[in-house]
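**Q** Quick one, upload02.cif (mmCIF, C-alpha atoms):
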data_coords
loop_
_atom_site.group_PDB
_atom_site.id
_atom_site.type_symbol
_atom_site.label_atom_id
_atom_site.label_comp_id
_atom_site.auth_asym_id
_atom_site.auth_seq_id
_atom_site.Cartn_x
_atom_site.Cartn_y
_atom_site.Cartn_z
ATOM 1 C CA MET O 1 -57.244 8.109 -86.853
ATOM 2 C CA THR O 2 -53.845 7.226 -85.440
ATOM 3 C CA ASP O 3 -54.745 7.487 -81.728
ATOM 4 C CA ARG O 4 -53.247 4.687 -79.665
ATOM 5 C CA MET O 5 -55.624 2.839 -77.372
ATOM 6 C CA GLY O 6 -56.329 4.909 -74.286
ATOM 7 C CA SER O 7 -54.789 8.077 -75.713
ATOM 8 C CA VAL O 8 -56.351 10.843 -77.805
ATOM 9 C CA ARG O 9 -54.674 13.930 -79.323
ATOM 10 C CA TRP O 10 -56.996 15.981 -81.540
ATOM 11 C CA ALA O 11 -56.739 19.487 -82.987
ATOM 12 C CA PHE O 12 -59.062 21.693 -85.018
ATOM 13 C CA ARG O 13 -57.894 24.755 -86.965
ATOM 14 C CA CYS O 14 -60.504 27.342 -85.972
ATOM 15 C CA SER O 15 -58.966 30.156 -87.990
ATOM 16 C CA SER O 16 -59.642 28.482 -91.340
ATOM 17 C CA TRP O 17 -63.205 27.469 -90.403
ATOM 18 C CA LEU O 18 -65.556 29.956 -92.042
ATOM 19 C CA PRO O 19 -68.884 28.464 -90.995
ATOM 20 C CA SER O 20 -71.847 28.638 -93.312
ATOM 21 C CA ARG O 21 -75.267 29.451 -91.887
ATOM 22 C CA SER O 22 -76.224 25.779 -91.815
ATOM 23 C CA GLU O 23 -72.951 24.733 -90.162
ATOM 24 C CA TRP O 24 -73.146 27.334 -87.407
ATOM 25 C CA LEU O 25 -76.805 26.680 -86.645
ATOM 26 C CA PHE O 26 -76.314 22.908 -86.662
ATOM 27 C CA ALA O 27 -73.301 23.219 -84.339
ATOM 28 C CA ALA O 28 -75.363 25.393 -81.978
ATOM 29 C CA ARG O 29 -78.104 22.726 -81.884
ATOM 30 C CA CYS O 30 -75.588 20.011 -80.930
ATOM 31 C CA ILE O 31 -74.285 21.562 -77.700
ATOM 32 C CA GLN O 32 -75.985 22.162 -74.382
ATOM 33 C CA PRO O 33 -78.240 25.259 -74.203
ATOM 34 C CA GLU O 34 -76.130 26.943 -71.510
ATOM 35 C CA GLU O 35 -73.005 26.413 -73.635
ATOM 36 C CA LYS O 36 -74.743 27.894 -76.668
ATOM 37 C CA GLU O 37 -75.767 30.931 -74.625
ATOM 38 C CA ARG O 38 -72.254 31.444 -73.257
ATOM 39 C CA ILE O 39 -70.699 31.194 -76.735
ATOM 40 C CA GLY O 40 -73.240 33.699 -78.051
ATOM 41 C CA GLN O 41 -72.017 36.249 -75.513
ATOM 42 C CA PHE O 42 -68.507 36.441 -76.987
ATOM 43 C CA LEU O 43 -67.858 39.801 -78.617
ATOM 44 C CA PHE O 44 -65.673 38.396 -81.401
ATOM 45 C CA ALA O 45 -66.315 35.673 -83.950
ATOM 46 C CA LYS O 46 -62.801 34.267 -83.415
ATOM 47 C CA ASP O 47 -63.543 33.533 -79.753
ATOM 48 C CA ALA O 48 -67.011 32.154 -80.481
ATOM 49 C CA LYS O 49 -65.608 29.755 -83.102
ATOM 50 C CA SER O 50 -62.844 28.561 -80.776
ATOM 51 C CA ALA O 51 -65.269 27.943 -77.925
ATOM 52 C CA MET O 52 -67.705 26.132 -80.224
ATOM 53 C CA ALA O 53 -64.923 23.924 -81.574
ATOM 54 C CA GLY O 54 -63.836 23.110 -78.026
ATOM 55 C CA ARG O 55 -67.327 21.950 -77.046
ATOM 56 C CA LEU O 56 -67.668 19.845 -80.192
ATOM 57 C CA LEU O 57 -64.245 18.277 -79.613
ATOM 58 C CA LEU O 58 -65.294 17.332 -76.077
ATOM 59 C CA ARG O 59 -68.618 15.849 -77.153
ATOM 60 C CA ARG O 60 -67.076 13.889 -80.018
ATOM 61 C CA PHE O 61 -64.507 12.462 -77.602
ATOM 62 C CA VAL O 62 -67.103 11.426 -74.996
ATOM 63 C CA CYS O 63 -69.330 9.926 -77.687
ATOM 64 C CA GLU O 64 -66.596 8.021 -79.531
ATOM 65 C CA LYS O 65 -64.235 6.974 -76.730
ATOM 66 C CA MET O 66 -66.503 6.780 -73.686
ATOM 67 C CA ARG O 67 -69.348 5.305 -75.743
ATOM 68 C CA VAL O 68 -71.957 7.737 -74.423
ATOM 69 C CA PRO O 69 -74.676 8.568 -76.991
ATOM 70 C CA TRP O 70 -74.435 12.212 -78.058
ATOM 71 C CA SER O 71 -77.945 13.027 -76.783
ATOM 72 C CA GLN O 72 -77.081 11.645 -73.323
ATOM 73 C CA ILE O 73 -73.834 13.599 -72.836
ATOM 74 C CA HIS O 74 -74.029 16.252 -70.166
ATOM 75 C CA LEU O 75 -70.841 18.175 -69.457
ATOM 76 C CA GLU O 76 -70.270 20.224 -66.332
ATOM 77 C CA ARG O 77 -67.346 22.077 -64.813
ATOM 78 C CA SER O 78 -65.561 20.919 -61.700
ATOM 79 C CA PRO O 79 -65.399 23.385 -58.770
ATOM 80 C CA ARG O 80 -62.047 24.457 -60.223
ATOM 81 C CA GLY O 81 -63.339 24.896 -63.758
ATOM 82 C CA LYS O 82 -62.203 21.688 -65.454
ATOM 83 C CA PRO O 83 -64.728 20.120 -67.873
ATOM 84 C CA VAL O 84 -66.120 16.863 -66.502
ATOM 85 C CA LEU O 85 -68.834 14.426 -67.478
ATOM 86 C CA ALA O 86 -71.884 14.690 -65.225
ATOM 87 C CA ALA O 87 -72.839 11.390 -63.566
ATOM 88 C CA PRO O 88 -70.048 9.440 -65.278
ATOM 89 C CA MET O 89 -70.376 5.708 -65.770
ATOM 90 C CA GLU O 90 -67.814 3.481 -64.065
ATOM 91 C CA ASP O 91 -65.684 2.935 -67.183
ATOM 92 C CA SER O 92 -65.622 6.638 -68.035
ATOM 93 C CA ARG O 93 -64.095 7.561 -64.657
ATOM 94 C CA ARG O 94 -60.809 6.138 -65.881
ATOM 95 C CA TRP O 95 -60.516 8.722 -68.634
ATOM 96 C CA SER O 96 -59.063 12.160 -67.993
ATOM 97 C CA PHE O 97 -59.553 14.819 -70.659
ATOM 98 C CA ASN O 98 -58.845 18.488 -71.186
ATOM 99 C CA ILE O 99 -59.142 21.124 -73.915
ATOM 100 C CA SER O 100 -57.404 24.379 -74.785
ATOM 101 C CA HIS O 101 -57.854 26.986 -77.501
ATOM 102 C CA GLN O 102 -55.619 29.891 -78.369
ATOM 103 C CA GLY O 103 -54.281 31.353 -81.591
ATOM 104 C CA ASP O 104 -55.556 29.427 -84.611
ATOM 105 C CA PHE O 105 -56.383 26.083 -82.955
ATOM 106 C CA ALA O 106 -58.507 24.263 -80.427
ATOM 107 C CA VAL O 107 -56.954 21.076 -79.027
ATOM 108 C CA LEU O 108 -58.091 18.116 -76.933
ATOM 109 C CA ALA O 109 -55.900 15.649 -75.071
ATOM 110 C CA ALA O 110 -57.274 12.610 -73.237
ATOM 111 C CA GLU O 111 -55.670 9.687 -71.505
ATOM 112 C CA GLN O 112 -56.993 6.518 -69.956
ATOM 113 C CA GLY O 113 -55.470 5.883 -66.562
ATOM 114 C CA LEU O 114 -53.502 9.147 -66.162
ATOM 115 C CA GLN O 115 -54.332 12.707 -65.181
ATOM 116 C CA VAL O 116 -54.092 15.009 -68.183
ATOM 117 C CA GLY O 117 -53.883 18.724 -68.869
ATOM 118 C CA VAL O 118 -53.288 20.434 -72.219
ATOM 119 C CA ASP O 119 -52.385 23.958 -73.237
ATOM 120 C CA ILE O 120 -51.691 25.606 -76.590
ATOM 121 C CA MET O 121 -49.911 28.919 -77.069
ATOM 122 C CA LYS O 122 -49.295 30.880 -80.257
ATOM 123 C CA THR O 123 -46.023 32.788 -80.484
ATOM 124 C CA CYS O 124 -47.019 36.415 -81.057
ATOM 125 C CA LEU O 125 -45.669 39.842 -80.279
ATOM 126 C CA PRO O 126 -47.095 41.615 -77.214
ATOM 127 C CA GLY O 127 -49.876 43.944 -78.277
ATOM 128 C CA SER O 128 -48.855 47.246 -76.724
ATOM 129 C CA SER O 129 -45.381 46.873 -75.242
ATOM 130 C CA SER O 130 -41.895 45.912 -76.303
ATOM 131 C CA VAL O 131 -40.681 42.355 -75.796
ATOM 132 C CA SER O 132 -38.344 43.492 -72.990
ATOM 133 C CA GLU O 133 -41.195 45.322 -71.218
ATOM 134 C CA PHE O 134 -43.472 42.284 -71.680
ATOM 135 C CA PHE O 135 -40.833 40.041 -70.122
ATOM 136 C CA ARG O 136 -40.402 42.504 -67.235
ATOM 137 C CA ILE O 137 -44.136 42.369 -66.509
ATOM 138 C CA MET O 138 -44.045 38.549 -66.573
ATOM 139 C CA THR O 139 -40.907 38.234 -64.417
ATOM 140 C CA ARG O 140 -42.607 36.560 -61.467
ATOM 141 C CA GLN O 141 -44.138 33.787 -63.570
ATOM 142 C CA PHE O 142 -40.796 32.089 -64.261
ATOM 143 C CA THR O 143 -37.747 31.011 -62.251
ATOM 144 C CA PRO O 144 -34.265 32.459 -62.787
ATOM 145 C CA HIS O 145 -33.267 29.244 -64.571
ATOM 146 C CA GLU O 146 -36.210 29.542 -66.961
ATOM 147 C CA TRP O 147 -35.488 33.211 -67.678
ATOM 148 C CA ALA O 148 -31.873 32.336 -68.428
ATOM 149 C CA VAL O 149 -33.048 29.761 -70.982
ATOM 150 C CA ILE O 150 -35.594 32.161 -72.512
ATOM 151 C CA GLN O 151 -33.200 35.085 -72.812
ATOM 152 C CA SER O 152 -30.368 33.000 -74.238
ATOM 153 C CA ALA O 153 -32.549 31.752 -77.101
ATOM 154 C CA GLY O 154 -31.249 34.285 -79.640
ATOM 155 C CA SER O 155 -33.420 36.845 -81.418
ATOM 156 C CA GLU O 156 -36.528 38.357 -79.834
ATOM 157 C CA THR O 157 -38.634 36.037 -82.003
ATOM 158 C CA GLN O 158 -36.767 33.001 -80.694
ATOM 159 C CA GLN O 159 -36.985 34.280 -77.111
ATOM 160 C CA LEU O 160 -40.751 34.668 -77.447
ATOM 161 C CA ALA O 161 -41.051 31.137 -78.828
ATOM 162 C CA VAL O 162 -39.192 29.715 -75.814
ATOM 163 C CA PHE O 163 -41.258 31.933 -73.492
ATOM 164 C CA TYR O 164 -44.536 30.571 -74.869
ATOM 165 C CA ARG O 165 -43.162 27.030 -74.787
ATOM 166 C CA HIS O 166 -42.534 27.399 -71.038
ATOM 167 C CA TRP O 167 -45.917 29.067 -70.560
ATOM 168 C CA ALA O 168 -47.746 26.177 -72.265
ATOM 169 C CA LEU O 169 -45.885 23.681 -70.058
ATOM 170 C CA LYS O 170 -46.848 25.527 -66.875
ATOM 171 C CA GLU O 171 -50.471 25.881 -67.921
ATOM 172 C CA SER O 172 -50.735 22.204 -68.875
ATOM 173 C CA PHE O 173 -49.621 21.243 -65.359
ATOM 174 C CA ILE O 174 -51.976 23.727 -63.684
ATOM 175 C CA LYS O 175 -54.879 22.442 -65.784
ATOM 176 C CA ALA O 176 -54.040 18.807 -65.013
ATOM 177 C CA ILE O 177 -54.119 19.368 -61.254
ATOM 178 C CA GLY O 178 -57.120 21.697 -61.544
ATOM 179 C CA THR O 179 -55.696 24.380 -59.277
ATOM 180 C CA GLY O 180 -56.355 27.407 -61.452
ATOM 181 C CA LEU O 181 -55.611 30.916 -60.234
ATOM 182 C CA GLY O 182 -53.596 31.314 -57.093
ATOM 183 C CA PHE O 183 -50.924 28.697 -57.789
ATOM 184 C CA ASN O 184 -47.447 30.203 -57.586
ATOM 185 C CA LEU O 185 -45.938 29.429 -60.988
ATOM 186 C CA GLN O 186 -42.406 29.809 -59.636
ATOM 187 C CA ARG O 187 -42.961 26.572 -57.706
ATOM 188 C CA VAL O 188 -42.658 24.664 -60.983
ATOM 189 C CA GLU O 189 -39.520 24.868 -63.099
ATOM 190 C CA PHE O 190 -39.089 23.176 -66.462
ATOM 191 C CA HIS O 191 -35.864 21.781 -67.867
ATOM 192 C CA LEU O 192 -36.017 21.464 -71.641
ATOM 193 C CA PRO O 193 -34.165 18.772 -73.589
ATOM 194 C CA THR O 194 -31.315 19.798 -75.868
ATOM 195 C CA GLU O 195 -33.198 18.275 -78.793
ATOM 196 C CA ALA O 196 -35.006 20.910 -80.853
ATOM 197 C CA LEU O 197 -38.781 20.939 -81.085
ATOM 198 C CA THR O 198 -39.892 20.665 -84.718
ATOM 199 C CA PRO O 199 -43.331 20.458 -86.367
ATOM 200 C CA GLY O 200 -44.533 16.916 -86.968
ATOM 201 C CA ARG O 201 -42.630 15.275 -84.108
ATOM 202 C CA ALA O 202 -43.808 15.018 -80.503
ATOM 203 C CA LEU O 203 -41.246 14.863 -77.669
ATOM 204 C CA ARG O 204 -41.595 13.560 -74.110
ATOM 205 C CA ARG O 205 -38.249 14.553 -72.619
ATOM 206 C CA THR O 206 -38.918 17.750 -70.692
ATOM 207 C CA ARG O 207 -38.542 17.400 -66.901
ATOM 208 C CA MET O 208 -40.325 19.359 -64.191
ATOM 209 C CA HIS O 209 -38.982 20.422 -60.795
ATOM 210 C CA LEU O 210 -41.606 21.106 -58.123
ATOM 211 C CA ASP O 211 -40.415 23.137 -55.146
ATOM 212 C CA GLU O 212 -36.820 22.608 -56.375
ATOM 213 C CA GLU O 213 -37.123 18.798 -56.462
ATOM 214 C CA GLU O 214 -37.321 16.825 -59.704
ATOM 215 C CA GLU O 215 -40.822 15.418 -60.012
ATOM 216 C CA GLY O 216 -40.717 11.845 -61.293
ATOM 217 C CA ASP O 217 -44.478 11.226 -61.364
ATOM 218 C CA TRP O 218 -45.157 13.685 -64.186
ATOM 219 C CA LEU O 219 -44.483 13.393 -67.915
ATOM 220 C CA PHE O 220 -44.724 16.222 -70.441
ATOM 221 C CA GLU O 221 -45.354 15.841 -74.150
ATOM 222 C CA GLU O 222 -44.531 18.768 -76.413
ATOM 223 C CA SER O 223 -45.319 19.346 -80.055
ATOM 224 C CA LEU O 224 -45.604 22.106 -82.629
ATOM 225 C CA LEU O 225 -48.819 22.135 -84.646
ATOM 226 C CA ASP O 226 -47.005 24.555 -86.942
ATOM 227 C CA GLU O 227 -44.068 26.925 -86.516
ATOM 228 C CA ASP O 228 -46.099 29.252 -84.258
ATOM 229 C CA HIS O 229 -48.243 26.970 -82.069
ATOM 230 C CA HIS O 230 -46.722 25.144 -79.081
ATOM 231 C CA VAL O 231 -48.777 22.414 -77.418
ATOM 232 C CA ALA O 232 -47.910 20.883 -74.063
ATOM 233 C CA VAL O 233 -49.629 17.850 -72.554
ATOM 234 C CA ALA O 234 -49.100 17.110 -68.858
ATOM 235 C CA LEU O 235 -49.532 13.476 -67.817
ATOM 236 C CA GLY O 236 -49.825 13.010 -64.072
ATOM 237 C CA PRO O 237 -49.934 10.198 -61.515
ATOM 238 C CA ALA O 238 -52.059 7.216 -62.469
ATOM 239 C CA VAL O 239 -55.770 7.313 -61.648
ATOM 240 C CA ALA O 240 -56.227 3.751 -62.957
ATOM 241 C CA PRO O 241 -52.836 1.968 -62.909
ATOM 242 C CA GLU O 242 -54.328 -1.285 -64.183
ATOM 243 C CA LEU O 243 -55.084 0.390 -67.532
ATOM 244 C CA LEU O 244 -51.510 1.472 -68.158
ATOM 245 C CA PRO O 245 -49.065 -0.517 -70.260
ATOM 246 C CA LEU O 246 -45.738 -1.455 -68.691
ATOM 247 C CA HIS O 247 -44.090 1.180 -70.886
ATOM 248 C CA LEU O 248 -45.941 4.095 -72.440
ATOM 249 C CA PRO O 249 -45.719 4.079 -76.249
ATOM 250 C CA PRO O 250 -43.901 7.035 -77.827
ATOM 251 C CA PRO O 251 -45.915 10.282 -77.900
ATOM 252 C CA GLU O 252 -48.064 10.852 -80.960
ATOM 253 C CA ASN O 253 -48.719 13.964 -82.971
ATOM 254 C CA PHE O 254 -52.065 15.699 -82.827
ATOM 255 C CA THR O 255 -54.528 14.611 -85.507
ATOM 256 C CA VAL O 256 -56.093 17.664 -87.172
ATOM 257 C CA LEU O 257 -59.833 17.132 -87.606
ATOM 258 C CA SER O 258 -62.205 18.766 -90.076
ATOM 259 C CA PHE O 259 -65.587 20.248 -89.179
ATOM 260 C CA SER O 260 -67.185 17.158 -90.732
ATOM 261 C CA ASP O 261 -65.150 15.040 -88.297
ATOM 262 C CA LEU O 262 -66.351 17.116 -85.337
ATOM 263 C CA ILE O 263 -70.022 16.547 -86.133
ATOM 264 C CA ALA O 264 -69.807 13.028 -87.608
ATOM 265 C CA ALA O 265 -71.627 11.506 -84.625
ATOM 266 C CA ALA O 266 -73.547 14.636 -83.576
ATOM 267 C CA SER O 267 -77.276 14.725 -82.993
ATOM 268 C CA PRO O 268 -79.268 17.922 -82.369
ATOM 269 C CA LEU O 269 -80.355 18.641 -78.816
ATOM 270 C CA THR O 270 -82.456 21.753 -79.471
ATOM 271 C CA GLU O 271 -84.498 23.442 -82.189
ATOM 272 C CA GLU O 272 -82.859 25.687 -84.780
ATOM 273 C CA ASP O 273 -82.471 29.318 -83.723
ATOM 274 C CA SER O 274 -82.028 31.482 -86.819
ATOM 275 C CA ALA O 275 -81.331 34.588 -84.703
ATOM 276 C CA TYR O 276 -78.165 32.868 -83.470
ATOM 277 C CA TRP O 277 -76.694 33.071 -86.978
ATOM 278 C CA GLU O 278 -77.653 36.731 -87.384
ATOM 279 C CA ASP O 279 -75.977 37.533 -84.082
ATOM 280 C CA PHE O 280 -72.835 35.638 -85.110
ATOM 281 C CA LYS O 281 -72.647 37.491 -88.446
ATOM 282 C CA ARG O 282 -72.704 40.831 -86.635
ATOM 283 C CA LYS O 283 -69.587 40.031 -84.608
ATOM 284 C CA ALA O 284 -66.247 41.506 -85.630
ATOM 285 C CA ASP O 285 -63.745 38.752 -86.346
ATOM 286 C CA ALA O 286 -61.187 39.698 -83.689
ATOM 287 C CA PRO O 287 -59.923 42.712 -81.755
ATOM 288 C CA THR O 288 -57.386 44.825 -83.588
ATOM 289 C CA ARG O 289 -53.875 44.700 -82.176
ATOM 290 C CA GLN O 290 -50.846 46.832 -82.837
ATOM 291 C CA SER O 291 -48.802 43.660 -83.306
ATOM 292 C CA ASP O 292 -50.638 40.389 -83.847
ATOM 293 C CA SER O 293 -48.049 38.019 -85.219
ATOM 294 C CA LEU O 294 -44.415 37.682 -86.016
#
Show how you would write the structure in this file as structure tokens.
**A**
Amino acid sequence: MTDRMGSVRWAFRCSSWLPSRSEWLFAARCIQPEEKERIGQFLFAKDAKSAMAGRLLLRRFVCEKMRVPWSQIHLERSPRGKPVLAAPMEDSRRWSFNISHQGDFAVLAAEQGLQVGVDIMKTCLPGSSSVSEFFRIMTRQFTPHEWAVIQSAGSETQQLAVFYRHWALKESFIKAIGTGLGFNLQRVEFHLPTEALTPGRALRRTRMHLDEEEEGDWLFEESLLDEDHHVAVALGPAVAPELLPLHLPPPENFTVLSFSDLIAAASPLTEEDSAYWEDFKRKADAPTRQSDSL
């Protein structure tokens, strides 16, 4: 792994994971019973796989980086829905972590000493409306400056890519502060660098304005997992300043993990439930859309 000390960027390609019976049942045994039940309620296999990958990413992170034995990890949600470690040990309080899954990937970002939020968005055509109608519906989510940048991007495909880039940035900030629904997204405005975003190279040059003032306490890392998947990581004010280096090292790319990586340190928490596999096999892969990708 190439993670720098105190910083983790992991991704898992859910779309290419076609779990065998033994893989799916083992994964289900290695997460908390209430998580297993919630994942089982998804109508589509795509969503169930993404949620399962997200839980395994979280548990691997807590086990490997926080040094909590897999069988002793208990994850909860904060009052605002952010995953947190129940009864954290003193050292673990200094870590902030967050996950996101959308499109073909699940991602995890974690940082020691800083608040963190992560969001991934896949560039895809709106399912039942034109791009112009989609943008009209979303008008209130972006500032006039942001719309000017989006609509000057070129073709509709390029405009959508810039749209989802802005959306990932906004969501990463919302997830870092844990506000959730109800936050007025027009309060935050992003100013992109002139440098192009390309796969394989992470940037940390985007600036955020909050209530029309440039916000110096926040950093934003952006990367493309592939041509279609934007990832934004929000890094907020220090929660443990003593852990931070004088200068943050350059941002790193996400490391794509295999299923074997996800379960390398896993230990079963419950008995095998063969009906869980039968239920999974009955799920349709994903809802049908008029337009699913570009």
**Q** One decimal, Å: what's the distance from atom CA of Ser20 of chain O over to atom CA of Leu262 of chain O, could you say?
**A**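 Value for the atom CA of Ser20 of chain O-atom CA of Leu262 of chain O distance: 15.1 Å.
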**Q** At a cut-off of 9 Å, using only C-alpha atoms, what residues contact Ala161 of chain O? Leave out same-chain residues fewer than 6 positions from it and give the result as a PDB file with C-alpha atoms, in the frame of the given file.
**A**
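Here's the written file result05.pdb:
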ATOM      1  CA  LYS O 122     -49.295  30.880 -80.257  1.00  0.00           C
ATOM      2  CA  THR O 123     -46.023  32.788 -80.484  1.00  0.00           C
ATOM      3  CA  CYS O 124     -47.019  36.415 -81.057  1.00  0.00           C
ATOM      4  CA  ILE O 150     -35.594  32.161 -72.512  1.00  0.00           C
ATOM      5  CA  ALA O 153     -32.549  31.752 -77.101  1.00  0.00           C
ATOM      6  CA  ASP O 228     -46.099  29.252 -84.258  1.00  0.00           C
ATOM      7  CA  HIS O 229     -48.243  26.970 -82.069  1.00  0.00           C
ATOM      8  CA  HIS O 230     -46.722  25.144 -79.081  1.00  0.00           C
TER       9      HIS O 230
END
**Q** On this structure, the PyMOL selection byres ((chain O and resi 269-275) around 6) would catch which residues? List them as a list in words, sorted by chain and number.
**A**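 Applying the expression gives Arg29, Cys30, Pro268, Tyr276, Trp277 and Glu278 of chain O.
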**Q** Report as a tab-separated table the residues of segment 90-179 of chain O within 10 Å of segment 35-59 of chain O, each with its shortest atom pair and distance in Å (one decimal), using all atoms listed in the file, ordered by chain and increasing residue number.
**A**
residue	atom	partner	partner_atom	distance
O:Phe97	CA	O:Leu58	CA	8.3
O:Asn98	CA	O:Leu58	CA	8.2
O:Ile99	CA	O:Gly54	CA	6.5
O:Ser100	CA	O:Gly54	CA	7.3
O:His101	CA	O:Ser50	CA	6.2
O:Gln102	CA	O:Ser50	CA	7.7
O:Gly103	CA	O:Ser50	CA	9.0
O:Asp104	CA	O:Ser50	CA	8.3
O:Phe105	CA	O:Ser50	CA	7.3
O:Ala106	CA	O:Gly54	CA	6.0
O:Val107	CA	O:Gly54	CA	7.2
O:Leu108	CA	O:Leu57	CA	6.7
O:Ala109	CA	O:Leu58	CA	9.6
O:Ala110	CA	O:Leu58	CA	9.7
**Q** Quick one: of O:Phe135, O:Leu185, O:Val8, O:Met208, who's nearest to Asn253 of chain O, counting only C-alpha atoms?
**A** O:Val8
**Q** On this structure, which residues satisfy the PyMOL selection byres ((chain O and resi 213) around 12), written as a PyMOL selection string?
**A** chain O and resi 187-191+207-212+214-217
**Q** Which residues fall under the PyMOL selection byres ((chain O and resi 63-72) around 10) in this file, as a count of residues only?
**A** 30
**Q** From the list O:Gln115, O:Ser258, O:Gln158, O:Gln186, which residue is nearest His145 of chain O when using only C-alpha atoms?
**A**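 Under the stated criterion, the closest residue is O:Gln186.
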**Q** From the set O:Asp261, O:Thr288, O:Arg282, O:Pro83, which residue has the shortest atom-to-atom contact distance to Gly127 of chain O, counting only C-alpha atoms?
**A**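 Closest residue, counting only C-alpha atoms: O:Thr288.
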**Q** Show me, as a ChimeraX atom specification, the residues that have an atom within 8 Å of Leu197 of chain O when counting all atoms listed in the file, minus same-chain residues fewer than 3 positions from it.
**A** /O:201-203,222-224
**Q** Do you have the atom CA of Gly182 of chain O-atom CA of Lys82 of chain O distance handy?
**A**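 Going from atom CA of Gly182 of chain O over to atom CA of Lys82 of chain O covers 15.4 Å.
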